[in-house]
Amino acid sequence: MRKTKEEALLTKKIIVSKAVKLFKQKGFIATTLEEIAVEANVTRGAIYWHFKDKLDIVDELINKERENMTHMLTSIFEEEISPYSKIQKAVDHIVKHFFGSESFRDFIDITWFKIEYSQLSRLKESKAEMTDYFINTIEALAKDAQTMGEIKKELDAFHIAITITNMINGMYRLYFIMPGRGSTEKEAMDAFTTYLNLIKTNFK
């Protein structure tokens, strides 16, 4: 009996979920398709029906999280609010999304600490593409905010974008490498708020 589309999608979702669990526990290299099949309670054939190999499973994870993040940021950047407010809101959403979404934290954990870029060139390309989009957009918003008098004009807009990007990456790294050391949502948000206030015009 053929599976329905809904059943097939559910099976695919289960495979990804169980693969993520094993990647986190054992690392990407040490995890086998056989182990994923056992954990997901499916045959290897079922895995091959949906994915070519382990890298294809990671690709699925990458695409999902990239689409979610791009959609979230694009929605903010298109709002009719001031450039400075867009930067604030984007940072706020990124922090809350990281601490509020277990699947996104799993994505960061696996792609940052459980797999090498040499094993997955597409991962490096995807991260570079997303980072470039974010930096360019924040730089443009910072320039607009300077024109509107919201951000100090003597600051370099590109450096502002790079600093915010580095702070986001640092937040991710601290959470996994040094838990309990500046790795809570409040501590992360306080750090971003301090920086955004420093670059704001006439902040006292």
# chains A, B, ... in the order shown; residues from 1 in each chain; ligands from 1

call {"tool": "closest_atom_pairs", "arguments": {"of": "segment 48-112 of chain A", "to": "segment 134-158 of chain A", "cutoff": "12 Å", "atoms": "only C-alpha atoms", "output": "JSON lines"}}
result
{"residue": "A:Arg66", "atom": "CA", "partner": "A:Phe134", "partner_atom": "CA", "distance": 11.9}
{"residue": "A:Met69", "atom": "CA", "partner": "A:Phe134", "partner_atom": "CA", "distance": 10.4}
{"residue": "A:Thr70", "atom": "CA", "partner": "A:Phe134", "partner_atom": "CA", "distance": 9.2}
{"residue": "A:Met72", "atom": "CA", "partner": "A:Phe134", "partner_atom": "CA", "distance": 11.8}
{"residue": "A:Leu73", "atom": "CA", "partner": "A:Phe134", "partner_atom": "CA", "distance": 8.5}
{"residue": "A:Thr74", "atom": "CA", "partner": "A:Thr137", "partner_atom": "CA", "distance": 9.7}
{"residue": "A:Ile76", "atom": "CA", "partner": "A:Thr137", "partner_atom": "CA", "distance": 11.2}
{"residue": "A:Phe77", "atom": "CA", "partner": "A:Thr137", "partner_atom": "CA", "distance": 8.3}
{"residue": "A:Glu78", "atom": "CA", "partner": "A:Thr137", "partner_atom": "CA", "distance": 11.1}
{"residue": "A:Ile81", "atom": "CA", "partner": "A:Ala145", "partner_atom": "CA", "distance": 11.0}
{"residue": "A:Ser82", "atom": "CA", "partner": "A:Ala145", "partner_atom": "CA", "distance": 7.4}
{"residue": "A:Pro83", "atom": "CA", "partner": "A:Leu141", "partner_atom": "CA", "distance": 5.1}
{"residue": "A:Tyr84", "atom": "CA", "partner": "A:Ala145", "partner_atom": "CA", "distance": 5.5}
{"residue": "A:Ser85", "atom": "CA", "partner": "A:Ala145", "partner_atom": "CA", "distance": 9.0}
{"residue": "A:Lys86", "atom": "CA", "partner": "A:Leu141", "partner_atom": "CA", "distance": 7.7}
{"residue": "A:Ile87", "atom": "CA", "partner": "A:Ile138", "partner_atom": "CA", "distance": 6.7}
{"residue": "A:Gln88", "atom": "CA", "partner": "A:Ile138", "partner_atom": "CA", "distance": 10.3}
{"residue": "A:Lys89", "atom": "CA", "partner": "A:Ile138", "partner_atom": "CA", "distance": 11.5}
{"residue": "A:Ala90", "atom": "CA", "partner": "A:Ile138", "partner_atom": "CA", "distance": 9.2}
{"residue": "A:Val91", "atom": "CA", "partner": "A:Ile138", "partner_atom": "CA", "distance": 10.2}
{"residue": "A:Ile94", "atom": "CA", "partner": "A:Phe134", "partner_atom": "CA", "distance": 11.4}

call {"tool": "residues_around", "arguments": {"residues": "Trp49 of chain A", "least_positions_apart": "6", "cutoff": "10 Å", "atoms": "only C-alpha atoms", "output": "ChimeraX atom specification"}}
result
/A:8,12,43

call {"tool": "write_last_selection", "arguments": {"atoms": "N, CA and C atoms", "output": "PDB file, in the first residue's frame"}}
result
ATOM      1  N   ALA A   8       4.540  10.323   4.107  1.00  0.00           N
ATOM      2  CA  ALA A   8       5.910  10.441   3.598  1.00  0.00           C
ATOM      3  C   ALA A   8       6.622  11.635   4.227  1.00  0.00           C
ATOM      4  N   LYS A  12       9.905  11.601   6.670  1.00  0.00           N
ATOM      5  CA  LYS A  12      11.076  12.432   6.386  1.00  0.00           C
ATOM      6  C   LYS A  12      11.435  13.283   7.599  1.00  0.00           C
ATOM      7  N   THR A  43      13.446   1.524   7.505  1.00  0.00           N
ATOM      8  CA  THR A  43      14.467   0.768   6.792  1.00  0.00           C
ATOM      9  C   THR A  43      15.465   1.731   6.146  1.00  0.00           C
TER      10      THR A  43
END
